[in-house]
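Q: My structure is in structure-v5.cif, and what it holds is mmCIF, C-alpha atoms:
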```
data_structure
loop_
_atom_site.group_PDB
_atom_site.id
_atom_site.type_symbol
_atom_site.label_atom_id
_atom_site.label_comp_id
_atom_site.auth_asym_id
_atom_site.auth_seq_id
_atom_site.Cartn_x
_atom_site.Cartn_y
_atom_site.Cartn_z
ATOM 1 C CA MET A 257 22.433 -4.197 -24.489
ATOM 2 C CA GLY A 258 19.203 -6.102 -24.673
ATOM 3 C CA MET A 259 16.691 -6.486 -21.901
ATOM 4 C CA THR A 260 17.824 -5.803 -18.354
ATOM 5 C CA TYR A 261 17.228 -8.282 -15.536
ATOM 6 C CA THR A 262 14.728 -5.898 -13.958
ATOM 7 C CA ARG A 263 12.645 -5.642 -17.113
ATOM 8 C CA ALA A 264 12.834 -9.409 -17.590
ATOM 9 C CA ILE A 265 11.584 -10.056 -14.037
ATOM 10 C CA GLY A 266 8.873 -7.432 -14.539
ATOM 11 C CA LYS A 267 7.702 -9.082 -17.763
ATOM 12 C CA VAL A 268 7.659 -12.556 -16.195
ATOM 13 C CA CYS A 269 5.723 -11.335 -13.132
ATOM 14 C CA GLY A 270 3.300 -9.402 -15.334
ATOM 15 C CA TYR A 271 2.764 -12.489 -17.499
ATOM 16 C CA LEU A 272 2.061 -14.671 -14.446
ATOM 17 C CA VAL A 273 -0.286 -12.130 -12.839
ATOM 18 C CA ASP A 274 -2.223 -11.699 -16.116
ATOM 19 C CA HIS A 275 -2.758 -15.454 -16.366
ATOM 20 C CA ILE A 276 -3.766 -15.746 -12.712
ATOM 21 C CA VAL A 277 -6.237 -12.864 -13.127
ATOM 22 C CA ARG A 278 -7.685 -14.488 -16.247
ATOM 23 C CA GLY A 279 -8.093 -17.829 -14.477
ATOM 24 C CA LEU A 280 -9.704 -16.289 -11.391
ATOM 25 C CA SER A 281 -12.014 -14.193 -13.569
ATOM 26 C CA LEU A 282 -13.204 -17.290 -15.443
ATOM 27 C CA SER A 283 -13.884 -19.036 -12.121
ATOM 28 C CA ARG A 284 -16.298 -16.188 -11.254
ATOM 29 C CA ILE A 285 -14.805 -15.972 -7.765
ATOM 30 C CA HIS A 286 -15.837 -12.763 -6.008
ATOM 31 C CA PRO A 287 -13.035 -10.152 -5.629
ATOM 32 C CA ASN A 288 -13.981 -9.548 -1.975
ATOM 33 C CA PHE A 289 -13.390 -13.230 -1.284
ATOM 34 C CA LEU A 290 -9.876 -12.887 -2.735
ATOM 35 C CA THR A 291 -9.279 -9.920 -0.429
ATOM 36 C CA ALA A 292 -10.428 -11.921 2.614
ATOM 37 C CA LEU A 293 -8.346 -14.905 1.504
ATOM 38 C CA GLY A 294 -5.275 -12.669 1.318
ATOM 39 C CA LEU A 295 -5.825 -11.634 4.940
ATOM 40 C CA ALA A 296 -6.279 -15.256 6.067
ATOM 41 C CA ILE A 297 -3.020 -16.282 4.372
ATOM 42 C CA ASN A 298 -1.172 -13.324 5.918
ATOM 43 C CA ILE A 299 -2.369 -14.450 9.353
ATOM 44 C CA ILE A 300 -0.743 -17.832 8.641
ATOM 45 C CA ALA A 301 2.456 -15.956 7.687
ATOM 46 C CA ALA A 302 2.244 -14.016 10.958
ATOM 47 C CA TRP A 303 2.026 -17.295 12.855
ATOM 48 C CA GLN A 304 5.174 -18.479 11.075
ATOM 49 C CA PHE A 305 6.944 -15.225 11.998
ATOM 50 C CA ALA A 306 5.882 -15.664 15.625
ATOM 51 C CA ARG A 307 7.476 -19.125 15.633
ATOM 52 C CA GLY A 308 10.703 -17.750 14.153
ATOM 53 C CA ARG A 309 10.232 -19.644 10.871
ATOM 54 C CA PHE A 310 11.100 -16.715 8.644
ATOM 55 C CA LEU A 311 11.713 -18.665 5.418
ATOM 56 C CA ALA A 312 8.290 -20.320 5.642
ATOM 57 C CA ALA A 313 6.727 -16.950 6.502
ATOM 58 C CA GLY A 314 8.327 -15.338 3.433
ATOM 59 C CA ILE A 315 6.933 -18.039 1.141
ATOM 60 C CA VAL A 316 3.450 -17.648 2.656
ATOM 61 C CA VAL A 317 3.614 -13.842 2.247
ATOM 62 C CA ILE A 318 4.392 -14.363 -1.458
ATOM 63 C CA ILE A 319 1.254 -16.514 -1.789
ATOM 64 C CA ALA A 320 -0.800 -13.863 0.034
ATOM 65 C CA ALA A 321 0.658 -11.158 -2.225
ATOM 66 C CA ILE A 322 -0.756 -12.976 -5.266
ATOM 67 C CA PHE A 323 -4.285 -12.388 -3.940
ATOM 68 C CA ASP A 324 -3.403 -8.819 -2.911
ATOM 69 C CA LEU A 325 -2.260 -8.152 -6.477
ATOM 70 C CA THR A 326 -5.196 -9.804 -8.203
ATOM 71 C CA ASP A 327 -8.335 -8.769 -6.292
ATOM 72 C CA GLY A 328 -8.469 -5.344 -7.984
ATOM 73 C CA PRO A 329 -7.767 -6.583 -11.548
ATOM 74 C CA VAL A 330 -10.278 -9.426 -11.099
ATOM 75 C CA ALA A 331 -12.896 -6.886 -9.975
ATOM 76 C CA ARG A 332 -12.253 -4.815 -13.124
ATOM 77 C CA GLU A 333 -12.156 -7.892 -15.389
ATOM 78 C CA THR A 334 -15.476 -9.218 -14.058
ATOM 79 C CA LYS A 335 -17.039 -5.722 -13.864
ATOM 80 C CA ARG A 336 -17.534 -5.988 -10.097
ATOM 81 C CA VAL A 337 -15.790 -2.777 -9.095
ATOM 82 C CA THR A 338 -17.714 -1.176 -6.230
ATOM 83 C CA ARG A 339 -17.069 1.610 -3.745
ATOM 84 C CA PHE A 340 -17.411 -0.861 -0.880
ATOM 85 C CA GLY A 341 -14.926 -3.216 -2.548
ATOM 86 C CA GLY A 342 -12.254 -0.508 -2.523
ATOM 87 C CA PHE A 343 -12.997 0.294 1.123
ATOM 88 C CA PHE A 344 -13.020 -3.402 2.098
ATOM 89 C CA ASP A 345 -9.692 -3.996 0.337
ATOM 90 C CA SER A 346 -8.071 -1.035 2.089
ATOM 91 C CA VAL A 347 -9.276 -2.078 5.560
ATOM 92 C CA LEU A 348 -8.193 -5.705 5.190
ATOM 93 C CA ASP A 349 -4.813 -4.623 3.793
ATOM 94 C CA ARG A 350 -4.211 -2.731 7.043
ATOM 95 C CA TYR A 351 -5.124 -5.823 9.068
ATOM 96 C CA SER A 352 -2.786 -7.920 6.901
ATOM 97 C CA ASP A 353 0.110 -5.523 7.475
ATOM 98 C CA LEU A 354 -0.472 -5.343 11.219
ATOM 99 C CA ALA A 355 -0.814 -9.135 11.481
ATOM 100 C CA LEU A 356 2.675 -9.615 10.003
ATOM 101 C CA TYR A 357 4.195 -7.090 12.393
ATOM 102 C CA MET A 358 2.326 -8.651 15.327
ATOM 103 C CA GLY A 359 3.958 -11.964 14.428
ATOM 104 C CA LEU A 360 7.362 -10.290 14.526
ATOM 105 C CA LEU A 361 6.512 -8.640 17.867
ATOM 106 C CA VAL A 362 5.643 -12.035 19.359
ATOM 107 C CA TYR A 363 8.883 -13.524 18.034
ATOM 108 C CA TYR A 364 11.119 -10.748 19.366
ATOM 109 C CA ALA A 365 9.310 -10.855 22.725
ATOM 110 C CA SER A 366 9.866 -14.626 22.923
ATOM 111 C CA ILE A 367 13.641 -14.190 22.527
ATOM 112 C CA ASN A 368 13.792 -11.107 24.804
ATOM 113 C CA ARG A 369 14.968 -8.662 22.115
ATOM 114 C CA PHE A 370 13.468 -5.506 23.604
ATOM 115 C CA PHE A 371 15.125 -3.165 21.094
ATOM 116 C CA TYR A 372 13.577 -4.990 18.126
ATOM 117 C CA ILE A 373 10.166 -4.960 19.826
ATOM 118 C CA VAL A 374 10.401 -1.160 19.901
ATOM 119 C CA LEU A 375 11.708 -1.045 16.308
ATOM 120 C CA THR A 376 8.817 -3.218 15.087
ATOM 121 C CA ALA A 377 6.358 -0.961 16.935
ATOM 122 C CA ILE A 378 7.851 2.061 15.117
ATOM 123 C CA VAL A 379 7.478 0.192 11.815
ATOM 124 C CA MET A 380 3.825 -0.584 12.621
ATOM 125 C CA THR A 381 3.144 3.059 13.434
ATOM 126 C CA GLY A 382 4.821 4.343 10.273
ATOM 127 C CA SER A 383 3.011 1.832 8.056
ATOM 128 C CA VAL A 384 -0.412 2.747 9.445
ATOM 129 C CA MET A 385 0.338 6.479 9.264
ATOM 130 C CA ILE A 386 1.250 6.223 5.563
ATOM 131 C CA SER A 387 -2.309 5.092 4.842
ATOM 132 C CA TYR A 388 -3.892 7.474 7.335
ATOM 133 C CA THR A 389 -2.132 10.579 6.010
ATOM 134 C CA ARG A 390 -3.265 9.807 2.467
ATOM 135 C CA ALA A 391 -6.863 9.114 3.510
ATOM 136 C CA ARG A 392 -7.005 12.239 5.671
ATOM 137 C CA ALA A 393 -5.267 14.445 3.102
ATOM 138 C CA GLU A 394 -7.692 13.415 0.373
ATOM 139 C CA ASN A 395 -10.506 14.912 2.442
ATOM 140 C CA SER A 396 -8.891 18.287 1.735
ATOM 141 C CA ILE A 397 -7.059 17.858 -1.587
ATOM 142 C CA PRO A 398 -7.876 15.763 -4.660
ATOM 143 C CA ARG A 399 -4.896 13.370 -4.473
ATOM 144 C CA CYS A 400 -2.024 12.527 -2.110
ATOM 145 C CA LYS A 401 -0.151 9.553 -3.544
ATOM 146 C CA VAL A 402 3.356 10.927 -3.092
ATOM 147 C CA GLY A 403 6.189 9.205 -1.265
ATOM 148 C CA PHE A 404 8.247 6.125 -1.988
ATOM 149 C CA LEU A 405 7.283 3.496 0.571
ATOM 150 C CA GLU A 406 3.750 2.390 -0.229
ATOM 151 C CA ARG A 407 2.360 -1.045 0.571
ATOM 152 C CA PRO A 408 3.827 -3.004 -2.398
ATOM 153 C CA GLU A 409 7.325 -1.770 -1.535
ATOM 154 C CA ARG A 410 6.858 -2.677 2.129
ATOM 155 C CA ILE A 411 5.642 -6.171 1.244
ATOM 156 C CA VAL A 412 8.621 -6.739 -1.083
ATOM 157 C CA LEU A 413 10.993 -5.662 1.691
ATOM 158 C CA ILE A 414 9.338 -8.014 4.206
ATOM 159 C CA ILE A 415 9.569 -10.900 1.727
ATOM 160 C CA LEU A 416 13.267 -10.203 1.100
ATOM 161 C CA GLY A 417 13.978 -9.904 4.826
ATOM 162 C CA ALA A 418 12.214 -13.198 5.527
ATOM 163 C CA LEU A 419 13.661 -15.210 2.654
ATOM 164 C CA PHE A 420 17.254 -14.074 3.165
ATOM 165 C CA ASP A 421 17.130 -13.852 6.980
ATOM 166 C CA ARG A 422 17.790 -10.110 6.933
ATOM 167 C CA MET A 423 14.708 -8.930 8.795
ATOM 168 C CA ALA A 424 16.588 -6.593 11.167
ATOM 169 C CA PRO A 425 17.996 -4.323 8.410
ATOM 170 C CA VAL A 426 14.655 -4.493 6.585
ATOM 171 C CA LEU A 427 12.872 -3.222 9.697
ATOM 172 C CA TRP A 428 15.326 -0.325 9.897
ATOM 173 C CA VAL A 429 14.665 0.570 6.248
ATOM 174 C CA ILE A 430 10.879 0.438 6.690
ATOM 175 C CA ALA A 431 11.041 2.381 9.982
ATOM 176 C CA VAL A 432 12.987 5.223 8.373
ATOM 177 C CA LEU A 433 11.371 5.345 4.918
ATOM 178 C CA SER A 434 7.791 4.913 6.133
ATOM 179 C CA ASN A 435 8.105 7.944 8.394
ATOM 180 C CA VAL A 436 9.927 9.888 5.659
ATOM 181 C CA THR A 437 6.950 9.101 3.400
ATOM 182 C CA VAL A 438 4.541 10.388 6.068
ATOM 183 C CA ILE A 439 6.529 13.638 6.404
ATOM 184 C CA HIS A 440 6.624 13.989 2.601
ATOM 185 C CA ARG A 441 2.830 13.655 2.462
ATOM 186 C CA MET A 442 2.416 16.193 5.242
ATOM 187 C CA PHE A 443 4.522 18.786 3.399
ATOM 188 C CA TYR A 444 2.801 17.983 0.094
ATOM 189 C CA THR A 445 -0.647 18.413 1.685
ATOM 190 C CA TRP A 446 0.444 21.648 3.370
ATOM 191 C CA ASP A 447 1.600 23.014 0.013
ATOM 192 C CA GLU A 448 -1.525 21.887 -1.834
ATOM 193 C CA THR A 449 -3.927 23.242 0.806
ATOM 194 C CA ARG A 450 -2.141 26.608 0.782
ATOM 195 C CA ALA A 451 -2.523 26.760 -2.994
ATOM 196 C CA LEU A 452 -6.239 25.959 -2.728
ATOM 197 C CA GLU A 453 -6.746 28.551 0.009
ATOM 198 C CA ARG A 454 -4.929 31.223 -2.035
ATOM 199 C CA ALA A 455 -7.128 30.412 -5.019
ATOM 200 C CA GLN A 456 -10.249 30.840 -2.866
ATOM 201 C CA LEU A 457 -9.059 34.194 -1.511
ATOM 202 C CA GLU A 458 -8.292 35.661 -4.912
ATOM 203 C CA PRO A 459 -11.127 37.876 -6.155
ATOM 204 C CA PRO A 460 -12.854 36.530 -9.234
ATOM 205 C CA ALA A 461 -11.624 38.050 -12.457
ATOM 206 C CA SER A 462 -13.948 40.855 -13.508
ATOM 207 C CA GLU A 463 -15.715 40.374 -16.791
ATOM 208 C CA PRO A 464 -14.845 42.863 -19.531
ATOM 209 C CA VAL A 465 -17.422 45.578 -20.019
ATOM 210 C CA LYS A 466 -19.309 45.028 -23.251
ATOM 211 C CA GLU A 467 -19.785 48.049 -25.457
ATOM 212 C CA HIS A 468 -23.244 48.415 -26.944
ATOM 213 C CA SER A 469 -23.434 50.277 -30.190
ATOM 214 C CA ILE A 470 -26.628 52.096 -31.038
ATOM 215 C CA ASN A 471 -27.709 51.885 -34.644
ATOM 216 C CA ILE A 472 -29.433 55.024 -35.810
#
```
Could the structure of this file be written out as structure tokens, please?

A:
Amino acid sequence: MGMTYTRAIGKVCGYLVDHIVRGLSLSRIHPNFLTALGLAINIIAAWQFARGRFLAAGIVVIIAAIFDLTDGPVARETKRVTRFGGFFDSVLDRYSDLALYMGLLVYYASINRFFYIVLTAIVMTGSVMISYTRARAENSIPRCKVGFLERPERIVLIILGALFDRMAPVLWVIAVLSNVTVIHRMFYTWDETRALERAQLEPPASEPVKEHSINI
């Protein structure tokens, strides 16, 4: 019965992102600057987390996410896609993620919540390992983009936890699903590498013997 709420939100977000990308492309701003700006804004969000101002932190993370979403499309729109740009984006994304969790670590330490310090540390480990397993796997297999909890999903969860003051359950979800994603990628890579190794061990198919007729 008509358009669902999810599709409606998706269309609105897509519309806004398209217009932001178009505006940034016309400004000729360099995509790498957008990437660096995203990191700087996430550091501000981390500071808000450290002070226990979760609502403010959530709003700042949304602003940072705009630049995280647009640096790649702006690079394609302005024909500035480079190998270094992809590498730079990936490295700064890791720093952005870790900055947010560091802010949470400082906050939980300041209120003496030892259990949540450990939980946040587990979340940090799982988040980094998601990226590491993919990068390492793709040295051996062509592609390893399996698993549910990639960076956009983690950012959405952090925003929801901050805005609705539900960070504790969000940390539990990320802690579990990030490590499930890592395990999924490990099994996927194991399966793919076995298939590649079997293919290498198989003897090449022998070519059919051609019959030569002799015309007399």

Q: Within 10 Å of range 412-425 of chain A, counting all atoms listed in the file, which residues show up once you throw out same-chain ones fewer than 2 positions away? Write them as a VMD selection string, please.

A: chain A and resid 305 308 to 318 321 356 to 357 360 372 375 to 376 405 407 to 410 427 to 431

Q: Could you write out as a list in words the residues that the PyMOL selection byres ((chain A and resi 347-351) around 9) matches in the shown file?

A: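 Expected selection for the PyMOL selection byres ((chain A and resi 347-351) around 9) here is Thr291, Ala292, Gly294, Leu295, Asp324, Gly342, Phe343, Phe344, Asp345, Ser346, Ser352, Asp353, Leu354, Ala355, Leu356, Ser383, Val384, Ser387 and Arg407 of chain A.
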
Q: Take the residues from that selection and write them out as a compact mmCIF listing (two decimals), in the coordinates of the input, keeping C-alpha atoms.

A:
```txt
# COMPACT_ATOMS: atom_id res chain seq x y z
CA THR A 291 -9.28 -9.92 -0.43
CA ALA A 292 -10.43 -11.92 2.61
CA GLY A 294 -5.28 -12.67 1.32
CA LEU A 295 -5.82 -11.63 4.94
CA ASP A 324 -3.40 -8.82 -2.91
CA GLY A 342 -12.25 -0.51 -2.52
CA PHE A 343 -13.00 0.29 1.12
CA PHE A 344 -13.02 -3.40 2.10
CA ASP A 345 -9.69 -4.00 0.34
CA SER A 346 -8.07 -1.03 2.09
CA SER A 352 -2.79 -7.92 6.90
CA ASP A 353 0.11 -5.52 7.48
CA LEU A 354 -0.47 -5.34 11.22
CA ALA A 355 -0.81 -9.14 11.48
CA LEU A 356 2.68 -9.62 10.00
CA SER A 383 3.01 1.83 8.06
CA VAL A 384 -0.41 2.75 9.44
CA SER A 387 -2.31 5.09 4.84
CA ARG A 407 2.36 -1.04 0.57
```

Q: For this structure, which residues satisfy the selection - the PyMOL selection byres ((chain A and resi 336) around 12) - when it is evaluated on the file as given? I want them as a ChimeraX atom specification.

A: /A:281,284-288,327-335,337-342

Q: So, counting only C-alpha atoms, which residue among A:Ile386, A:Ala391, A:Ile322, A:Ile397 is closest to Leu280 in chain A?

A: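 When distances to Leu280 in chain A are compared using only C-alpha atoms, the smallest one comes from A:Ile322.
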
Q: For the atom pair CA of Thr437 in chain A and CA of Phe404 in chain A, what is the interatomic distance in Å to one decimal place?

A: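 The value is 6.3 Å.
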
Q: Rounded to one decimal, what separation in Å do you get between CA of Arg390 in chain A and CA of Phe371 in chain A?

A: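 Between CA of Arg390 in chain A and CA of Phe371 in chain A the gap works out to 29.2 Å.
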
Q: For a test of reading the model, state the distance in Å between CA of Ile378 in chain A and CA of Glu394 in chain A, rounded to one decimal.

A: 24.2 Å

Q: Just checking: using only C-alpha atoms, which residue out of A:Tyr363, A:Tyr388, A:Phe323, A:Tyr444 ends up closest to Val402 in chain A?

A: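 Result for the nearest residue to Val402 in chain A: A:Tyr444.
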